[in-house]
Amino acid sequence: MAVRPSRDCPFDPATGLRFTAAGVPVCVHPDRVGLPAAPYATDRLPLPWETPPPVEADEVPAWVRTALDAAPPDACADLIRQATELLLASDPDTDVTAVLRAALG
């Protein structure tokens, strides 16, 4: 993904896509698909909701916020389950709902 169209990724009218010099298709309107701009295909980066969860419980709120902001609806329940498991493994007395509300609020 690129933040905007550029000469580095020329438009191919035959396919309706923009490509890098290496022939990798490029999305130039990440805001339209709800993803932060990043070279996902080029650098084989995981999509935000496919990023492995953090090991530390204090990093879970930021991870879950980033992941849920970009995730398709069918991935949300699994992300919340992962966050819940991480938080409870760190401290079984954690108020998971409060942590998730703070992260998403």
# chains A, B, ... in the order shown; residues from 1 in each chain; ligands from 1
call {"tool": "residues_around", "arguments": {"residues": "A:Ala103", "least_positions_apart": "2", "cutoff": "12 Å", "atoms": "only C-alpha atoms", "output": "list in words"}}
result
Asp58, Glu59, Val60, Pro61, Ala62, Trp63, Val64, Arg65, Thr66, Ala67, Leu68, Asp69, Ile80, Ala83, Val96, Thr97, Ala98, Val99, Leu100, Arg101 and Gly105 of chain A
call {"tool": "select_by_dssp", "arguments": {"residues": "stretch 4-83 of chain A", "states": "strand (DSSP E)", "output": "number ranges by chain"}}
result
A: 11-12, 17-19, 25-26
call {"tool": "write_last_selection", "arguments": {"atoms": "N, CA and C atoms", "output": "short mmCIF file (atom, residue, chain, number, x, y, z; two decimals), in the first residue's frame"}}
result
data_model
loop_
_atom_site.label_atom_id
_atom_site.label_comp_id
_atom_site.auth_asym_id
_atom_site.auth_seq_id
_atom_site.Cartn_x
_atom_site.Cartn_y
_atom_site.Cartn_z
N PHE A 11 0.09 3.43 -13.19
CA PHE A 11 -1.20 2.80 -13.45
C PHE A 11 -1.13 2.01 -14.75
N ASP A 12 -1.68 0.79 -14.73
CA ASP A 12 -1.75 -0.04 -15.92
C ASP A 12 -3.21 -0.09 -16.36
N LEU A 17 -4.86 -1.52 -12.35
CA LEU A 17 -4.07 -1.52 -11.11
C LEU A 17 -2.80 -0.72 -11.28
N ARG A 18 -2.19 -0.38 -10.16
CA ARG A 18 -0.85 0.23 -10.14
C ARG A 18 0.13 -0.86 -9.71
N PHE A 19 1.33 -0.79 -10.25
CA PHE A 19 2.34 -1.80 -9.95
C PHE A 19 3.68 -1.15 -9.62
N PRO A 25 1.36 -5.51 -7.33
CA PRO A 25 0.23 -4.56 -7.30
C PRO A 25 0.28 -3.70 -6.04
N VAL A 26 -0.14 -2.46 -6.18
CA VAL A 26 -0.09 -1.51 -5.07
C VAL A 26 -1.46 -0.87 -4.88
#
call {"tool": "select_by_dssp", "arguments": {"residues": "chain A", "states": "helix (DSSP H, G or I)", "output": "MDAnalysis selection string"}}
result
chainID A and resid 30:33 48:50 57:70 73:90 96:104
call {"tool": "closest_residue", "arguments": {"among": "A:Ala41, A:Leu47, A:Val55, A:Leu104", "to": "A:Ala22", "atoms": "only C-alpha atoms"}}
result
A:Ala41
call {"tool": "closest_residue", "arguments": {"among": "A:Cys76, A:Gly23, A:Ser6, A:Leu87", "to": "A:Pro54", "atoms": "only C-alpha atoms"}}
result
A:Leu87
call {"tool": "atom_distance", "arguments": {"atom1": "atom CA of A:Ala89", "atom2": "atom CA of A:Ala57"}}
result
8.5 Å
call {"tool": "atom_distance", "arguments": {"atom1": "atom CA of A:Leu79", "atom2": "atom CA of A:Trp49"}}
result
7.4 Å
call {"tool": "closest_residue", "arguments": {"among": "A:Arg81, A:Asp93, A:Ala14, A:Ala70", "to": "A:Leu35", "atoms": "only C-alpha atoms"}}
result
A:Ala70
call {"tool": "atom_distance", "arguments": {"atom1": "atom CA of A:Pro72", "atom2": "atom CA of A:Pro48"}}
result
10.5 Å
